[in-house]
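Student: Got a structure here, written out as structure tokens. Questions coming.
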2 protein chains.
Amino acid sequence: MRLRFAGTGDSAQVPCFGCDCPACQRGRLLRSHRREPCCGELVVDDCLVLIDAGRTDLAERCERQRPAAILLTHYHADHVQGLLHLRWGCGEPIPVYGPKDPQGCADLHKNPGILDFQPGLKPFRPLALGRLTATPLPLNHSKPTLGYALSDGASRIAWLTDTVGLPGATERFLCEWRPDALVIDATHPDSHRIPRNHNNLSMALEIIERLSPSRAWLTHISHELDAEAMRAPLALPEGVELAADGLEILF
Amino acid sequence: MRLRFAGTGDSAQVPCFGCDCPACQRGRLLRSHRREPCCGELVVDDCLVLIDAGRTDLAERCERQRPAAILLTHYHADHVQGLLHLRWGCGEPIPVYGPKDPQGCADLHKNPGILDFQPGLKPFRPLALGRLTATPLPLNHSKPTLGYALSDGASRIAWLTDTVGLPGATERFLCEWRPDALVIDATHPDSHRIPRNHNNLSMALEIIERLSPSRAWLTHISHELDAEAMRAPLALPEGVELAADGLEILF
């Protein structure tokens, strides 16, 4: 199984419009330091499954390889806005899985075009997509939100965005499931002390410590956290790193 | 006054995802033949006013020059989706004017960020933006939609998207106002005989004939109309042409 971090930013992205912080200035100069909306591309047996769809160039990217399915964590715009255009394409329907959220985003459910929205996923009930199994895990966010326990039978990755902390049932599932790798929301620096909808760095690291995967990647990164990491290197435990747009991991 | 066609496509854009028609194939090869979502950039006295905000790279474009205001025709995603990201930027609020539509698009009204949504415009009541006057004109579409009669005191442009035909009151206003230039929705080829929400080519040309401006540009073009124009040149009256992304007109 191959995982590509197609986007690792928060809703403001890096660079954030109109911002002159060091991270945004760097992002304007160096494409390699930009962060698009948080999303992933998973390839198992040459079959492409997207995790979230917030990249606004989604349709153009999908021309290279048509996704077999799209897994949505939730319906905030920065996780689904690429679908607003993709839906008006041609060809076979693309199945879209996600949490039960009748409202969805804008008129996506009312006018789905080529998108084939499936009934809302049931927490902890595994979904089979070829050799990939995706088990939906409830998360703590301001909209109905699901993380995913992803396995190809050999490796186990837990994708946990967007969330602040973890619901007890999800943490218990993961303790038992024992992921090899964790991808987790670490939007804010610790100066953001009482986050409501996203982890700050310490909260993400505490979750990683409790679940003790071999490797972990921090994602959904804000320009504030990038700017803090430019002032002084973040103290990250071994095996934990900041994800970056374009980073590919072979499991 | 300078008008730039920043996008001249319909919601599917050109190329349309997954489509192999000649227009989409050409659009993939030649950037100059692509069509982004229909929108315009108007510059009067070095002041930038955007007409619609459906380009998904809106925030990056706005970094070059911060818009003084945004005029929306309506809240369909292909006319506002760029705002979903732009709103999370920094700095002074950007005033956004448009039709009264409490629902708006997604959570834009609930979470406006740096966007300063103004009360819905009243039809035919002129709005002054520096030396630019924008008079809202009701159009026929599936959501509350306004065209704009735009004047800098010297030239008069009528921007008429999205619409099928024109409401009587709008047509009477324009007959009296006598625009120098018309920018009008011509989404479909004539093979699309009974369009519900957009003009086909003949309907657009009939409106142009009735209003007899010196020049007119057809916009909100579908890949179907482009493909038809590749098979045989469209029979367009003198002074009427298909708009293209990037085309700039100095009035």
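Ligands are numbered from 1 in the order shown, residues from 1 within each chain, and chains are lettered A, B, ... in the order they appear in the structure tokens.
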Contacts of segment 205-221 of chain A at 10 Å or less, counting only C-alpha atoms, minus same-chain residues fewer than 6 places along, as number ranges by chain?
Tutor: A: 5, 7-14, 35-39, 156-162, 165-166, 171-172, 174-189, 198-199, 236-245
Student: Hey, which bits of chain B sit within 8 Å of chain A, and for each residue what's the closest pair of atoms and how far apart in Å (one decimal), counting only C-alpha atoms, rows by chain and increasing number, as CSV?
Tutor:
residue,atom,partner,partner_atom,distance
B:Ser11,CA,A:His85,CA,6.8
B:Ala12,CA,A:Trp88,CA,5.0
B:Cys16,CA,A:Gly89,CA,5.5
B:Phe17,CA,A:Gly89,CA,4.3
B:Gly18,CA,A:Cys90,CA,5.0
B:Cys19,CA,A:Cys90,CA,5.5
B:Thr56,CA,A:Thr56,CA,5.7
B:Asp57,CA,A:Thr56,CA,7.7
B:Ala59,CA,A:Phe17,CA,5.8
B:Glu60,CA,A:Phe17,CA,7.1
B:Cys62,CA,A:Phe17,CA,7.9
B:Glu63,CA,A:Gly18,CA,6.6
B:Ala77,CA,A:Leu84,CA,6.6
B:Asp78,CA,A:His85,CA,7.4
B:Gln81,CA,A:Gln81,CA,7.5
B:Leu84,CA,A:Ala77,CA,6.6
B:His85,CA,A:Ala12,CA,6.4
B:Leu86,CA,A:Phe17,CA,6.5
B:Trp88,CA,A:Ala12,CA,5.0
B:Gly89,CA,A:Phe17,CA,4.3
B:Cys90,CA,A:Gly18,CA,5.0
B:Gly91,CA,A:Gly18,CA,6.2
B:Cys105,CA,A:Ala106,CA,5.3
B:Ala106,CA,A:Ala106,CA,4.1
B:Asp107,CA,A:Ala106,CA,7.9
Student: Restrict the selected residues to C-alpha atoms and save them as an mmCIF file, in the first residue's frame.
Tutor:
data_model
loop_
_atom_site.group_PDB
_atom_site.id
_atom_site.type_symbol
_atom_site.label_atom_id
_atom_site.label_comp_id
_atom_site.auth_asym_id
_atom_site.auth_seq_id
_atom_site.Cartn_x
_atom_site.Cartn_y
_atom_site.Cartn_z
ATOM 1 C CA SER B 11 -19.621 24.834 -14.155
ATOM 2 C CA ALA B 12 -17.981 21.825 -15.890
ATOM 3 C CA CYS B 16 -14.417 18.878 -18.446
ATOM 4 C CA PHE B 17 -13.183 16.016 -16.236
ATOM 5 C CA GLY B 18 -13.187 12.691 -18.079
ATOM 6 C CA CYS B 19 -14.420 14.132 -21.393
ATOM 7 C CA THR B 56 -10.463 28.037 -7.330
ATOM 8 C CA ASP B 57 -7.084 29.846 -7.380
ATOM 9 C CA ALA B 59 -6.714 33.586 -3.161
ATOM 10 C CA GLU B 60 -3.459 33.287 -5.103
ATOM 11 C CA CYS B 62 -5.835 38.174 -5.084
ATOM 12 C CA GLU B 63 -2.292 38.217 -3.634
ATOM 13 C CA ALA B 77 -20.678 27.003 -6.388
ATOM 14 C CA ASP B 78 -19.031 27.781 -9.731
ATOM 15 C CA GLN B 81 -16.264 28.528 -4.599
ATOM 16 C CA LEU B 84 -14.437 29.113 0.580
ATOM 17 C CA HIS B 85 -10.651 29.451 0.877
ATOM 18 C CA LEU B 86 -10.123 33.223 0.474
ATOM 19 C CA TRP B 88 -9.597 32.382 5.907
ATOM 20 C CA GLY B 89 -7.004 34.979 4.902
ATOM 21 C CA CYS B 90 -5.646 37.931 6.902
ATOM 22 C CA GLY B 91 -6.001 41.703 6.781
ATOM 23 C CA CYS B 105 -23.363 28.648 -0.462
ATOM 24 C CA ALA B 106 -22.154 26.126 2.140
ATOM 25 C CA ASP B 107 -21.282 27.951 5.408
#
Student: So which one's closest to Glu248 of chain B, B:His74, B:Asp52, B:Gln25, B:Gly40? Using only C-alpha atoms, please.
Tutor: B:Gly40
Student: Where in segment 24-236 of chain A does DSSP assign strand (DSSP E), given as a PyMOL selection string?
Tutor: chain A and resi 39-44+47-51+69-71+94-97+115-117+127-129+132-138+146-151+156-160+181-185+215-219
Student: Under the rule that only C-alpha atoms are counted, which of A:Arg193, A:His109, A:His141, A:Arg26 is the nearest residue to Asp226 of chain A?
Tutor: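 Nearest to Asp226 of chain A: A:Arg26.
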Student: Quick check, in Å to one decimal: how far apart do atom CA of Gln65 of chain A and atom CA of Val44 of chain A lie?
Tutor: 13.1 Å
Student: Hey, which of A:Leu115, A:Cys21, A:Leu139, A:Gly147 ends up closest to Ile51 of chain A? Count only C-alpha atoms.
Tutor: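 Once distances to Ile51 of chain A are computed over only C-alpha atoms, the minimum belongs to A:Gly147.
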Student: Between A:Ile70, A:Leu3, A:Ala154, A:Leu234, which one has atoms that come closest to Phe117 of chain A, using only C-alpha atoms?
Tutor: A:Ile70
